[in-house]
Structure formats: C-alpha cells, structure tokens
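Here's upload.cif, which has mmCIF, C-alpha atoms and all ligand atoms:
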data_entry
#
loop_
_atom_site.label_atom_id
_atom_site.label_comp_id
_atom_site.auth_asym_id
_atom_site.auth_seq_id
_atom_site.Cartn_x
_atom_site.Cartn_y
_atom_site.Cartn_z
CA MET O 1 155.35 206.48 340.07
CA ARG O 2 152.68 208.69 338.50
CA VAL O 3 149.49 207.01 337.31
CA PHE O 4 147.48 207.63 334.17
CA ASN O 5 144.69 209.70 335.66
CA PHE O 6 141.33 209.73 333.85
CA SER O 7 139.51 211.70 336.52
CA ALA O 8 136.67 213.99 335.42
CA GLY O 9 137.80 216.67 337.87
CA PRO O 10 139.78 217.70 339.76
CA ALA O 11 141.84 216.15 337.02
CA ALA O 12 145.32 215.47 335.68
CA LEU O 13 147.70 218.42 335.36
CA PRO O 14 150.75 218.63 333.10
CA GLU O 15 153.72 217.19 334.97
CA GLU O 16 155.87 220.14 333.86
CA VAL O 17 153.46 222.50 335.58
CA LEU O 18 153.55 220.50 338.81
CA ARG O 19 157.35 220.44 338.74
CA GLN O 20 157.58 224.17 338.21
CA ALA O 21 155.10 224.83 341.01
CA ALA O 22 157.17 222.55 343.27
CA ASP O 23 160.40 224.37 342.36
CA GLU O 24 158.80 227.74 343.08
CA MET O 25 156.93 226.64 346.20
CA LEU O 26 159.19 228.15 348.88
CA ASP O 27 160.60 231.09 346.98
CA TRP O 28 158.78 232.49 343.98
CA HIS O 29 161.26 234.30 341.68
CA GLY O 30 163.48 235.53 344.50
CA SER O 31 160.61 237.06 346.46
CA GLY O 32 161.51 234.89 349.46
CA MET O 33 157.98 233.60 349.76
CA SER O 34 155.45 231.25 348.26
CA VAL O 35 152.74 232.56 345.93
CA MET O 36 150.29 231.45 348.65
CA GLU O 37 151.82 233.94 351.09
CA MET O 38 151.77 237.03 348.89
CA SER O 39 149.45 240.00 349.07
CA HIS O 40 147.12 239.91 346.11
CA ARG O 41 147.77 243.63 345.70
CA GLY O 42 151.57 243.39 345.77
CA LYS O 43 153.58 243.80 342.58
CA GLU O 44 154.61 240.11 342.49
CA PHE O 45 151.10 238.70 342.49
CA MET O 46 149.81 241.52 340.28
CA SER O 47 152.34 240.44 337.65
CA ILE O 48 151.22 236.78 337.91
CA HIS O 49 147.59 237.85 337.55
CA GLU O 50 148.26 240.18 334.63
CA GLU O 51 150.28 237.59 332.71
CA ALA O 52 147.58 234.98 333.21
CA LEU O 53 145.00 237.38 331.76
CA VAL O 54 147.19 238.29 328.79
CA ASP O 55 148.05 234.65 328.03
CA LEU O 56 144.44 233.49 328.28
CA ARG O 57 143.27 236.31 326.01
CA GLU O 58 145.90 235.35 323.46
CA LEU O 59 145.27 231.58 323.65
CA LEU O 60 141.51 231.81 323.22
CA ALA O 61 141.67 234.92 320.98
CA VAL O 62 139.26 236.75 323.29
CA PRO O 63 138.08 239.88 321.44
CA SER O 64 138.34 243.33 323.05
CA SER O 65 134.52 243.37 323.37
CA HIS O 66 134.83 240.76 326.15
CA GLN O 67 136.25 240.99 329.67
CA ILE O 68 137.97 238.10 331.39
CA LEU O 69 137.13 237.73 335.09
CA PHE O 70 138.58 235.37 337.67
CA LEU O 71 135.85 234.52 340.17
CA GLN O 72 135.19 231.95 342.85
CA GLY O 73 132.15 229.70 343.20
CA GLY O 74 132.85 227.14 340.46
CA GLY O 75 130.51 226.07 337.69
CA LEU O 76 127.63 225.55 340.08
CA GLY O 77 128.14 228.99 341.59
CA GLU O 78 127.71 230.48 338.12
CA ASN O 79 124.30 228.79 337.87
CA ALA O 80 123.10 231.40 340.36
CA ILE O 81 125.55 234.15 339.46
CA VAL O 82 124.53 234.18 335.77
CA PRO O 83 120.79 234.80 336.35
CA MET O 84 121.54 237.31 339.10
CA ASN O 85 123.74 239.22 336.63
CA LEU O 86 121.39 239.06 333.63
CA PHE O 87 117.86 239.09 335.08
CA GLY O 88 117.91 242.80 336.10
CA THR O 89 115.45 243.97 333.45
CA LYS O 90 113.82 240.76 332.20
CA PRO O 91 113.96 237.76 334.54
CA ARG O 92 113.51 234.97 332.02
CA ALA O 93 115.88 232.64 330.20
CA ASP O 94 115.82 229.77 327.72
CA PHE O 95 117.67 226.49 328.24
CA VAL O 96 118.99 223.84 325.92
CA LEU O 97 119.35 220.67 327.99
CA THR O 98 122.05 218.23 326.99
CA GLY O 99 122.80 216.51 330.30
CA SER O 100 122.98 216.78 334.08
CA TRP O 101 124.89 220.03 334.22
CA SER O 102 122.46 222.05 332.09
CA GLN O 103 119.62 220.40 334.03
CA LYS O 104 121.18 221.77 337.23
CA SER O 105 121.57 225.22 335.68
CA PHE O 106 117.91 225.15 334.63
CA ASN O 107 116.73 224.24 338.13
CA GLU O 108 118.90 226.86 339.82
CA ALA O 109 117.82 229.70 337.49
CA LYS O 110 114.19 229.02 338.48
CA LYS O 111 114.94 230.60 341.84
CA TYR O 112 115.53 233.95 340.16
CA GLY O 113 113.04 234.07 337.31
CA THR O 114 111.19 232.15 334.64
CA VAL O 115 112.86 229.37 332.71
CA HIS O 116 111.84 228.00 329.35
CA LEU O 117 112.92 224.65 327.93
CA ALA O 118 114.02 225.41 324.37
CA ALA O 119 115.35 221.97 323.44
CA SER O 120 116.45 218.72 325.02
CA GLY O 121 118.89 216.04 323.99
CA GLN O 122 117.26 213.41 326.19
CA THR O 123 116.31 210.12 324.48
CA ALA O 124 115.28 206.67 325.73
CA ASP O 125 119.04 206.07 326.22
CA GLY O 126 119.50 209.16 328.39
CA PHE O 127 121.22 212.31 327.16
CA THR O 128 122.77 211.20 323.91
CA ARG O 129 122.50 214.13 321.51
CA ALA O 130 123.13 217.82 321.04
CA PRO O 131 119.96 219.38 319.57
CA ALA O 132 120.78 221.36 316.43
CA HIS O 133 120.03 225.07 316.44
CA ALA O 134 117.10 224.49 314.03
CA GLU O 135 115.42 222.48 316.83
CA TRP O 136 115.74 225.19 319.48
CA GLN O 137 112.32 226.65 320.27
CA LEU O 138 113.30 229.99 321.73
CA SER O 139 110.82 232.15 323.66
CA ALA O 140 109.94 235.66 322.51
CA ASP O 141 112.51 237.79 324.30
CA PRO O 142 114.74 235.89 326.76
CA ALA O 143 117.46 237.58 328.78
CA TYR O 144 119.76 234.82 327.57
CA VAL O 145 119.97 231.27 326.25
CA HIS O 146 121.92 228.75 328.33
CA LEU O 147 123.87 225.89 326.81
CA CYS O 148 126.38 223.52 328.39
CA THR O 149 128.81 223.09 325.52
CA ASN O 150 130.35 219.93 327.00
CA GLU O 151 128.33 217.71 329.29
CA THR O 152 130.96 216.09 331.47
CA ILE O 153 128.81 213.24 332.81
CA HIS O 154 127.03 212.18 329.61
CA GLY O 155 129.90 212.93 327.24
CA VAL O 156 127.89 215.17 324.91
CA GLU O 157 129.71 218.05 323.22
CA THR O 158 128.11 220.73 321.05
CA PHE O 159 130.31 221.71 318.12
CA ASP O 160 127.89 223.78 316.05
CA ILE O 161 127.38 227.05 317.88
CA PRO O 162 124.78 229.39 316.38
CA ASP O 163 125.05 233.14 316.20
CA LEU O 164 121.98 234.29 318.16
CA GLY O 165 122.32 237.95 317.22
CA ASP O 166 120.93 240.15 320.00
CA ILE O 167 120.19 237.27 322.38
CA PRO O 168 123.20 236.53 324.60
CA LEU O 169 124.32 232.91 324.52
CA VAL O 170 125.63 231.78 327.92
CA ALA O 171 127.81 228.69 327.82
CA ASP O 172 129.03 226.47 330.61
CA ALA O 173 132.29 225.27 329.10
CA SER O 174 133.75 223.98 332.39
CA SER O 175 135.00 220.69 331.02
CA HIS O 176 136.35 221.66 327.59
CA LEU O 177 137.45 225.28 327.76
CA LEU O 178 140.93 225.47 326.13
CA SER O 179 140.61 222.02 324.54
CA ARG O 180 140.15 223.68 321.13
CA PRO O 181 139.71 227.16 319.64
CA MET O 182 136.25 228.70 320.20
CA ASP O 183 134.72 231.72 318.51
CA VAL O 184 134.31 233.79 321.67
CA ALA O 185 132.45 236.53 319.78
CA LYS O 186 129.43 234.20 319.50
CA TYR O 187 129.01 234.07 323.26
CA GLY O 188 127.61 236.65 325.64
CA VAL O 189 129.10 234.73 328.54
CA LEU O 190 131.49 231.80 328.55
CA PHE O 191 132.40 230.30 331.91
CA GLY O 192 134.23 227.36 333.39
CA GLY O 193 135.61 226.10 336.67
CA ALA O 194 139.35 225.49 336.41
CA GLN O 195 139.69 221.99 337.86
CA LYS O 196 138.85 220.12 334.66
CA ASN O 197 141.06 221.49 331.92
CA ILE O 198 142.57 224.75 333.15
CA GLY O 199 144.18 224.20 336.54
CA ILE O 200 143.06 223.52 340.09
CA ALA O 201 139.80 224.02 341.95
CA GLY O 202 139.15 227.50 343.29
CA VAL O 203 139.08 229.80 340.29
CA THR O 204 136.25 230.16 337.80
CA VAL O 205 137.00 231.80 334.48
CA VAL O 206 134.14 234.04 333.32
CA ILE O 207 134.40 235.73 329.93
CA VAL O 208 131.64 238.27 329.51
CA ARG O 209 130.68 240.73 326.78
CA GLU O 210 130.99 244.25 328.09
CA ASP O 211 127.47 245.39 327.24
CA LEU O 212 126.10 242.67 329.57
CA LEU O 213 127.73 244.18 332.64
CA ASP O 214 124.77 246.47 333.33
CA ARG O 215 121.97 243.95 333.76
CA ALA O 216 122.34 242.69 337.33
CA MET O 217 119.48 242.21 339.79
CA SER O 218 119.80 244.45 342.83
CA VAL O 219 120.08 241.38 345.11
CA CYS O 220 123.23 240.17 343.33
CA PRO O 221 126.09 239.99 345.87
CA SER O 222 128.72 242.61 345.04
CA ALA O 223 131.51 240.02 345.11
CA PHE O 224 129.71 238.17 342.30
CA GLU O 225 128.47 241.16 340.35
CA TRP O 226 130.46 241.00 337.13
CA LYS O 227 130.51 244.78 336.72
CA THR O 228 131.98 245.31 340.18
CA VAL O 229 134.46 242.49 339.63
CA ALA O 230 135.42 243.90 336.21
CA LEU O 231 135.87 247.46 337.52
CA ASN O 232 138.21 246.06 340.17
CA ASN O 233 140.19 243.85 337.76
CA SER O 234 138.95 240.70 339.56
CA MET O 235 140.25 242.08 342.87
CA TYR O 236 137.10 243.41 344.47
CA ASN O 237 137.70 240.77 347.10
CA THR O 238 140.71 238.50 347.52
CA PRO O 239 140.97 236.34 344.42
CA PRO O 240 141.96 232.65 344.60
CA THR O 241 145.61 233.55 344.16
CA TYR O 242 147.22 230.12 344.03
CA ALA O 243 144.61 228.78 341.62
CA ILE O 244 145.23 231.77 339.33
CA TYR O 245 148.98 231.13 339.51
CA ILE O 246 148.56 227.46 338.53
CA ALA O 247 146.16 228.39 335.70
CA GLY O 248 148.82 230.86 334.53
CA LEU O 249 151.43 228.08 334.42
CA VAL O 250 148.99 225.92 332.43
CA PHE O 251 148.46 228.80 329.96
CA LYS O 252 152.24 229.03 329.41
CA TRP O 253 152.38 225.25 328.97
CA LEU O 254 149.60 225.43 326.38
CA LYS O 255 151.43 228.14 324.47
CA LYS O 256 154.54 225.95 324.46
CA GLN O 257 152.47 223.07 323.07
CA GLY O 258 151.63 225.26 320.08
CA GLY O 259 148.37 226.83 321.28
CA LEU O 260 144.81 225.62 320.92
CA ARG O 261 144.99 224.47 317.29
CA ALA O 262 147.84 222.12 318.14
CA ILE O 263 146.14 220.91 321.33
CA GLU O 264 142.92 220.34 319.40
CA ALA O 265 144.72 218.14 316.85
CA ARG O 266 146.08 216.03 319.71
CA ASN O 267 142.70 215.85 321.41
CA VAL O 268 141.07 214.70 318.17
CA GLU O 269 143.67 211.96 317.81
CA LYS O 270 143.26 210.80 321.43
CA ALA O 271 139.44 210.74 321.24
CA LYS O 272 139.48 208.91 317.90
CA LEU O 273 141.72 206.20 319.27
CA LEU O 274 139.40 205.59 322.20
CA TYR O 275 136.11 205.77 320.24
CA ASP O 276 137.52 203.48 317.54
CA THR O 277 138.37 200.92 320.22
CA ILE O 278 134.88 201.17 321.74
CA ASP O 279 133.18 200.91 318.33
CA ALA O 280 135.36 198.05 317.05
CA GLY O 281 133.02 195.34 318.38
CA SER O 282 130.07 194.81 320.68
CA PHE O 283 132.11 194.31 323.87
CA TYR O 284 132.11 198.07 324.66
CA LYS O 285 129.47 200.66 323.89
CA ASN O 286 129.13 204.44 323.83
CA LYS O 287 125.56 205.68 323.32
CA VAL O 288 126.17 209.25 322.15
CA GLU O 289 125.39 210.25 318.56
CA ARG O 290 128.57 210.44 316.48
CA GLY O 291 128.44 214.17 315.84
CA ALA O 292 127.96 215.00 319.53
CA ARG O 293 130.59 212.79 321.10
CA SER O 294 132.77 214.64 323.56
CA ARG O 295 136.49 214.72 322.98
CA MET O 296 137.11 215.28 326.67
CA ASN O 297 134.78 212.93 328.56
CA ILE O 298 134.13 209.52 327.07
CA PRO O 299 131.62 207.29 328.86
CA PHE O 300 131.51 203.64 327.85
CA PHE O 301 129.75 200.51 329.02
CA LEU O 302 130.71 196.86 329.03
CA ALA O 303 128.14 194.64 327.31
CA ASP O 304 128.42 192.45 330.40
CA GLU O 305 128.06 194.91 333.28
CA SER O 306 128.68 192.20 335.85
CA ARG O 307 132.36 192.54 334.91
CA ASN O 308 132.63 196.27 335.74
CA ASP O 309 134.51 195.76 339.01
CA ASP O 310 136.83 193.30 337.32
CA PHE O 311 137.57 195.85 334.59
CA LEU O 312 138.29 198.60 337.08
CA ALA O 313 140.52 196.43 339.27
CA GLY O 314 142.59 195.30 336.28
CA ALA O 315 142.91 198.88 335.09
CA LYS O 316 144.06 200.07 338.49
CA ALA O 317 146.70 197.35 338.64
CA ARG O 318 148.15 198.91 335.46
CA GLY O 319 148.12 202.42 336.84
CA LEU O 320 144.99 203.44 334.90
CA VAL O 321 142.82 205.14 337.50
CA GLN O 322 139.55 207.02 338.04
CA LEU O 323 137.73 205.24 335.23
CA LYS O 324 134.51 204.54 337.07
CA GLY O 325 131.52 206.21 335.42
CA HIS O 326 129.48 208.85 337.23
CA LYS O 327 127.09 207.20 339.69
CA SER O 328 124.05 208.59 337.86
CA VAL O 329 124.91 206.77 334.60
CA GLY O 330 127.14 203.86 335.70
CA GLY O 331 129.64 202.09 333.46
CA MET O 332 133.01 203.67 332.78
CA ARG O 333 134.19 207.13 331.87
CA ALA O 334 137.59 208.21 330.63
CA SER O 335 138.22 211.93 330.88
CA ILE O 336 141.06 212.76 328.54
CA TYR O 337 141.72 216.43 329.13
CA ASN O 338 144.66 218.34 327.63
CA ALA O 339 147.03 217.06 330.31
CA VAL O 340 146.30 213.39 329.53
CA ALA O 341 148.87 212.60 326.86
CA LEU O 342 148.46 210.21 323.93
CA ASP O 343 150.54 207.54 325.72
CA GLY O 344 147.92 207.45 328.48
CA VAL O 345 145.13 206.82 325.98
CA LYS O 346 147.29 204.19 324.23
CA ALA O 347 147.82 202.41 327.55
CA LEU O 348 144.07 202.48 328.16
CA VAL O 349 143.08 201.07 324.77
CA GLU O 350 145.74 198.33 325.00
CA TYR O 351 144.26 197.32 328.33
CA MET O 352 140.70 197.43 326.92
CA LYS O 353 141.68 195.15 324.04
CA GLU O 354 143.43 192.74 326.35
CA PHE O 355 140.46 192.67 328.75
CA GLU O 356 138.15 191.96 325.82
CA ARG O 357 140.39 189.08 324.58
CA ARG O 358 140.54 187.58 328.05
CA GLY O 359 136.77 187.77 328.39
CA ALA O 360 135.88 186.34 325.02
C1 LIG O 401 132.30 220.09 336.96
C2 LIG O 401 131.26 220.88 336.27
C3 LIG O 401 130.47 221.82 336.94
C4 LIG O 401 130.54 222.03 338.43
O1 LIG O 401 131.68 222.66 338.81
P1 LIG O 401 131.94 223.02 340.35
O2 LIG O 401 133.27 223.71 340.26
O3 LIG O 401 131.96 221.75 341.12
O4 LIG O 401 130.87 223.93 340.80
C5 LIG O 401 129.54 222.55 336.22
N1 LIG O 401 129.41 222.36 334.90
C6 LIG O 401 130.15 221.46 334.22
C7 LIG O 401 129.94 221.30 332.75
C8 LIG O 401 131.09 220.69 334.88
O5 LIG O 401 131.83 219.80 334.20
#
What's the structure tokens form of this structure?
Amino acid sequence: MRVFNFSAGPAALPEEVLRQAADEMLDWHGSGMSVMEMSHRGKEFMSIHEEALVDLRELLAVPSSHQILFLQGGGLGENAIVPMNLFGTKPRADFVLTGSWSQKSFNEAKKYGTVHLAASGQTADGFTRAPAHAEWQLSADPAYVHLCTNETIHGVETFDIPDLGDIPLVADASSHLLSRPMDVAKYGVLFGGAQKNIGIAGVTVVIVREDLLDRAMSVCPSAFEWKTVALNNSMYNTPPTYAIYIAGLVFKWLKKQGGLRAIEARNVEKAKLLYDTIDAGSFYKNKVERGARSRMNIPFFLADESRNDDFLAGAKARGLVQLKGHKSVGGMRASIYNAVALDGVKALVEYMKEFERRGA
C-alpha cells in the first residue's frame, strides 16, 4: 500500500511516472537496456535529454533569451556556482532573506565576494514574511540580487516578483518550480534541485539568461561554468542521466495534467483546504503572513506542543507520513507538491479535525 507522503524532499512522485519507469526499467523502448546503462552520447539518451528540454521549455514558457541547463550539485551547490559564474567583473551581490535557504546562500556567497543584506523577512516569530520590493534596499551596482522564491522550511513564498531592469535577479526556486507559471523573463537565473517538485535527486535545473554566460570568475570549475555547460548542451561531463529521464517523465505527466495553469489551480485548492483547517480555530497555527504563505510547504504548530508525538503517531497509523517539521523550527510541516493529490490533503485535514475533536 502506498502512503500519503508529505515529505519536503526527496518527495512524492506521481504514481504514473513510477509505474512507467518500472515498466521501462530493463528495456527502454526496445533498446535492450535500462536508461541507467546507456551512453549519454548515444542516440537513445540524446533523445530523452532533448525531449526533456523541449517539454520543460514549453511548460514554463522559457523565452529564447534563456538557456536551460541540467547540472549536478543541487540547490546548495548553486549557492557557490552562482557567485562563481557572476562575480567575474564585480564580486558583490545583494540578498533578500526570507528563511534558512536564502540565509545559507548569503553565507556561501561571502566566500567569493561582498554580500549586502537588502531586506529580511525575519520577525519575532521567525521568518514569516516576504519583504515587498519597495522595502528592498539595493546597493549601488550589484552583480545580482538573490531571492529564494519559496522557503521550504519556513513556508514563505514570494508571489510579487519585481522587474529589476539591468540587475539580474537570481532565484532559488527549488521547492516550487513547476508548481505554477512564472514569468521567466524577469529572472537572470532561475534554479532548482529536482527532488522537491520535478523528479529525483541528482539533477539541478538552471535557467540562465544568455548575456550572463560571460561573467564567470577564473576559478570557476569548468564543469560548473554555465557557458561551458551551455556550449556542450549540458554534456560537458556526464550528466545525471537517470534523474534527467525521470524529470522528463514528470514533464510529460504535467503536460497531461493540463500544464502549469491547471496544476496551479489544483495547488491553490489543496493549499486553501489545509490553511482553512489550520485557521478554523486556535488548535493549530501557521505564523506566516497571509500573502506570503507557501502553497507547497505548509508548517503548522499545535497549540499544545506536548501532543506533537501523539499527532505524528496517529497520522502515521493512517498512512500520512513525513509530517514532522524541520528540526530548526519544530512543529509540523506538510509539503504538498504537485504529486500530492487532493485526496491526500483531504485525508490529512480529516485526520487533523478528528485529532482536534479527540483532544478538546
Ligand atoms: C532543498 C532546498 C535546497 C537544497 O537542495 P540540495 O539539493 O539539498 O542542495 C536549496 N534551496 C531550497 C529552497 C530548497 O528547498
């Protein structure tokens, strides 16, 4: 029996995708071998790679001004790879801090240049808001501005993305990329590890505006230099082939679901159901400002925290798993990525209501 999996990542995948991968495991399309056993330069894998690129470009409406790269290193790897690729002429960047992940990016970038805190969403309750663009105090001439558009641990999502003109906006979208349409033209760089909402761990999607490919520091490793990777169609070194294949299956699944507008409508409905349940009384609490509440990662706290273990044990007995909040914030967290269907969220809120009734 499959559980309802609310993991923050690696996370739930669409069952259809897993079934197809299982069917194709030993013999991909008559090739007589698994995708894992293919040369990345052979025509079979090249076709998988090319289709994944085409489907992703179509899904996210990536304009021709931007290249799509498949890298390794994950979201945290990009925290070093981004400054190394953009600090070539001016080693300084501005950061908008909205939670732990942007805090990590800020600290990592310090190794390569000067960092400036442009805005912070930290309050007495922790990271609970997404500072509006009017609050951002940008420095005179930064190489880029970094923003984590969905903070996975604190559950803070930024919906209002400014157009910064000449200043490249770099966004870590690891935990909500493909959860809704995004105006890619507003970003200089948009990146995300796959294991949250795109596929499995191992591949990092990096979408970069072409004019930014010439700004790397000389110390940047060639395998992570976007220009080198772009010139080699993400095959400068061996790409994470199986992770690209799974992401490709997820892209096809998303297209079958009706694309990102349709998925967004479902994600809005799922998140509303859960937030409404949390807000209905004082038994549960979410501390994030209404306009900045993430649709993907929803932290919540019991008013009586001594009952946390009880809550988690009861949930597990019903097949509702991985609900424990991140250790740095405590409480609970439900990650409801694209692959978590409405029936999973319904099962969760029914359990929450029942637990509340029992406890009252
Ligand atoms: C998970 C996550 C990361 C880290 O990803 P890794 O693949 O573990 O390096 C970075 N940023 C955000 C927003 C994340 O959710």
List every protein, DNA or RNA residue that has at least one atom no more than 9 Å from (148.0, 214.0, 329.7) in the file's coordinates, counting only C-alpha atoms, and write the result as a PyMOL selection string. chain O and resi 4-6+12-15+336-345
Near ligand LIG 401 (chain O), 8 Å: chain O residue rows, closest pairs, only C-alpha atoms and all ligand atoms, as a Markdown table:
| residue | atom | partner | partner_atom | distance |
| --- | --- | --- | --- | --- |
| O:Ala8 | CA | O:LIG401 | O5 | 7.7 |
| O:Gly9 | CA | O:LIG401 | C1 | 6.5 |
| O:Gly73 | CA | O:LIG401 | O4 | 6.4 |
| O:Gly74 | CA | O:LIG401 | O2 | 3.5 |
| O:Gly75 | CA | O:LIG401 | O1 | 3.8 |
| O:Leu76 | CA | O:LIG401 | O4 | 3.7 |
| O:Gly77 | CA | O:LIG401 | O4 | 5.8 |
| O:Glu78 | CA | O:LIG401 | O4 | 7.8 |
| O:Trp101 | CA | O:LIG401 | N1 | 5.1 |
| O:Ser102 | CA | O:LIG401 | N1 | 7.5 |
| O:Cys148 | CA | O:LIG401 | C7 | 6.1 |
| O:Thr149 | CA | O:LIG401 | C7 | 7.5 |
| O:Asn150 | CA | O:LIG401 | C7 | 5.9 |
| O:Glu151 | CA | O:LIG401 | C7 | 5.2 |
| O:Thr152 | CA | O:LIG401 | O5 | 4.7 |
| O:Ile153 | CA | O:LIG401 | O5 | 7.4 |
| O:Asp172 | CA | O:LIG401 | C7 | 5.7 |
| O:Ala173 | CA | O:LIG401 | C7 | 5.9 |
| O:Ser174 | CA | O:LIG401 | C7 | 4.7 |
| O:Ser175 | CA | O:LIG401 | O5 | 4.6 |
| O:Gly192 | CA | O:LIG401 | N1 | 7.1 |
| O:Gly193 | CA | O:LIG401 | O2 | 4.9 |
| O:Ala194 | CA | O:LIG401 | O2 | 7.4 |
| O:Gln195 | CA | O:LIG401 | O2 | 7.1 |
| O:Lys196 | CA | O:LIG401 | C1 | 6.9 |
| O:Ala201 | CA | O:LIG401 | O2 | 6.8 |
| O:Gly202 | CA | O:LIG401 | O2 | 7.6 |
| O:Thr204 | CA | O:LIG401 | O2 | 7.5 |
Residue neighbourhood region 289-303 of chain O, 10 Å, all atoms listed in the file, exclusion window fewer than 4 positions, as a VMD selection string: chain O and resid 6 to 8 127 to 131 149 to 160 175 to 176 179 to 180 196 to 197 264 267 to 272 274 to 275 278 282 to 285 307 to 308 311 323 to 326 329 to 338 340 356
What separation in Å, quoted to one decimal, exists between CA of Phe251 (chain O) and CA of Leu60 (chain O)?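 That distance, rounded to one decimal, is 10.1 Å.
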Might you pull out every residue within 8 Å of Ala109 (chain O), with only C-alpha atoms counted and same-chain residues fewer than 6 positions away left off, and present them as a ChimeraX atom specification? /O:79-80,83,115
Return the single residue from O:Met36, O:Val82, O:Leu147, O:Val349 that is closest to Ser100 (chain O), with distances computed using all atoms listed in the file. O:Leu147
Kindly indicate which residue among O:Glu37, O:Leu213, O:Pro10, O:Gly188 lies nearest to Glu225 (chain O), using all atoms listed in the file for the distances. O:Leu213
CA of Val288 (chain O) to CA of Glu108 (chain O): how many Å, to one decimal?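 Spanning CA of Val288 (chain O) to CA of Glu108 (chain O) is a straight-line distance of 26.0 Å.
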Find the residue from O:Thr89, O:Gln257, O:Thr98, O:Gln67 that sits nearest to Val189 (chain O); use all atoms listed in the file when measuring. O:Gln67
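When CA of Leu26 (chain O) is paired with CA of Tyr245 (chain O), their separation reads 14.2 Å.
Considering the residues O:Lys353, O:Arg2, O:His29, O:Arg209 and counting all atoms listed in the file, His66 (chain O) has its shortest atom-to-atom contact with O:Arg209.
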Select, counting all atoms listed in the file, all protein, DNA and RNA residues no farther than 12 Å from (136.0, 244.2, 337.5) in file coordinates, and express the selection as a list in words.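 Counting all atoms listed in the file, I find these residues within 12 Å of (136.0, 244.2, 337.5): His66, Gln67, Ile68, Leu69, Phe70, Leu71, Val206, Ile207, Val208, Glu210, Leu213, Ser222, Ala223, Phe224, Glu225, Trp226, Lys227, Thr228, Val229, Ala230, Leu231, Asn232, Asn233, Ser234, Met235, Tyr236, Asn237 and Pro239 of chain O.
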